[in-house]
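Here the structure is laid out as structure tokens; the discussion comes afterwards.
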Amino acid sequence: NTLVFEVTTTDNGESPIYLSGDFNGWNAAEEMLRLKKISDHKHQLQITIAPGSPETLTYKYTRGSWDTV
């Protein structure tokens with residue numbers, strides 16, 4: 001299964017955005033989970049989950065640090 005995560009920001013999207021969750025130990029800046037800037041204000045990431053993965057994912061978007069908005 002492929003999941004697509006897309007986030008729209010209020011700024012121009014200069015700072016990188018990462019996906020973080022229980023599936024990666026809440027690592028705030030894992031390069032493999034960095035969203036790609038697809039336009040000003042929009043970032044996207046496609047990931048493939050293995051069969052048998054949990055049906056529910058807990059996640060947040062980060063700017064690479066828990067101290068950054």
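Scheme for the structure tokens: letters A, B, ... for chains in order shown; per-chain residue numbers from 1; ligand numbers from 1 in order shown.
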Problem set entry | Ile49 of chain A environment, 10 Å, only C-alpha atoms, sequence neighbours closer than 6 positions dropped, as a list in words | Asn1, Thr2 and Leu3 of chain A
For this session: Show which residues sit within 12 Å of Asp67 of chain A, as a PyMOL selection string. Count only C-alpha atoms, and ignore same-chain residues fewer than 3 positions away.
Result: chain A and resi 28-29+62-64
For this session: Considering only C-alpha atoms, return as a VMD selection string whatever protein or nucleic-acid residues lie within 7 Å of Lys42 of chain A, sequence-local ones (same chain, fewer than 4 positions apart) excluded.
Result: chain A and resid 7 to 9 37 to 38
Please, could you write that set of residues out with N, CA, C and O atoms as a PDB file, in the first residue's frame?
ATOM      1  N   VAL A   7       1.194  18.415   2.888  1.00  0.00           N
ATOM      2  CA  VAL A   7       0.960  19.482   3.852  1.00  0.00           C
ATOM      3  C   VAL A   7       1.056  20.821   3.130  1.00  0.00           C
ATOM      4  O   VAL A   7       1.874  20.999   2.234  1.00  0.00           O
ATOM      5  N   THR A   8       0.168  21.740   3.508  1.00  0.00           N
ATOM      6  CA  THR A   8       0.188  23.099   2.996  1.00  0.00           C
ATOM      7  C   THR A   8       0.638  24.003   4.130  1.00  0.00           C
ATOM      8  O   THR A   8       0.096  23.925   5.242  1.00  0.00           O
ATOM      9  N   THR A   9       1.635  24.847   3.860  1.00  0.00           N
ATOM     10  CA  THR A   9       2.176  25.739   4.882  1.00  0.00           C
ATOM     11  C   THR A   9       1.735  27.175   4.620  1.00  0.00           C
ATOM     12  O   THR A   9       1.337  27.519   3.511  1.00  0.00           O
ATOM     13  N   LYS A  37       9.288  19.428  -1.667  1.00  0.00           N
ATOM     14  CA  LYS A  37       8.565  20.652  -1.991  1.00  0.00           C
ATOM     15  C   LYS A  37       8.036  20.516  -3.414  1.00  0.00           C
ATOM     16  O   LYS A  37       8.792  20.326  -4.355  1.00  0.00           O
ATOM     17  N   ILE A  38       6.704  20.582  -3.575  1.00  0.00           N
ATOM     18  CA  ILE A  38       6.114  20.431  -4.900  1.00  0.00           C
ATOM     19  C   ILE A  38       5.658  21.780  -5.464  1.00  0.00           C
ATOM     20  O   ILE A  38       5.422  21.885  -6.662  1.00  0.00           O
TER      21      ILE A  38
END
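Shortest separation to Ser65 of chain A among A:Gly52, A:Phe23, A:Tyr18, A:Ile47 occurs at residue A:Tyr18, atoms counted being only C-alpha atoms.
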Exercise. What are the DSSP helix (DSSP H, G or I) residues of chain A, as a VMD selection string?
Worked result: chain A and resid 22 to 24 31 to 33
Can I get the selected residues back with C-alpha atoms, as an mmCIF file, in the first residue's frame?
data_model
loop_
_atom_site.group_PDB
_atom_site.id
_atom_site.type_symbol
_atom_site.label_atom_id
_atom_site.label_comp_id
_atom_site.auth_asym_id
_atom_site.auth_seq_id
_atom_site.Cartn_x
_atom_site.Cartn_y
_atom_site.Cartn_z
ATOM 1 C CA ASP A 22 5.419 6.006 16.165
ATOM 2 C CA PHE A 23 6.610 4.074 13.082
ATOM 3 C CA ASN A 24 10.099 5.711 13.238
ATOM 4 C CA GLU A 31 15.986 12.142 5.804
ATOM 5 C CA MET A 32 14.032 9.252 4.272
ATOM 6 C CA LEU A 33 10.855 10.904 5.591
#
For this session: Do a neighbour search on Lys36 of chain A at 9 Å with only C-alpha atoms, toss out local chain neighbours closer than 2 positions, and write the hits as a ChimeraX atom specification.
Result: /A:16-17,34,38,42-45
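Comparing the minimum interatomic distances between Ser15 of chain A and each of A:Thr48, A:Thr68, A:Asn27, A:Leu57, counting only C-alpha atoms, we find that A:Thr68 sits nearest.
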Exercise. For Ser39 of chain A, which residue among A:Lys60, A:Asn12, A:Trp66, A:Phe5 is the nearest when counting only C-alpha atoms?
Worked result: A:Asn12
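Separating atom CA of Tyr61 of chain A from atom CA of Ser20 of chain A is a distance of 6.1 Å.
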Problem set entry | Residues within 6 Å of Gly21 of chain A, only C-alpha atoms, excluding chain neighbours under 5 positions, as a ChimeraX atom specification | /A:26,58-59
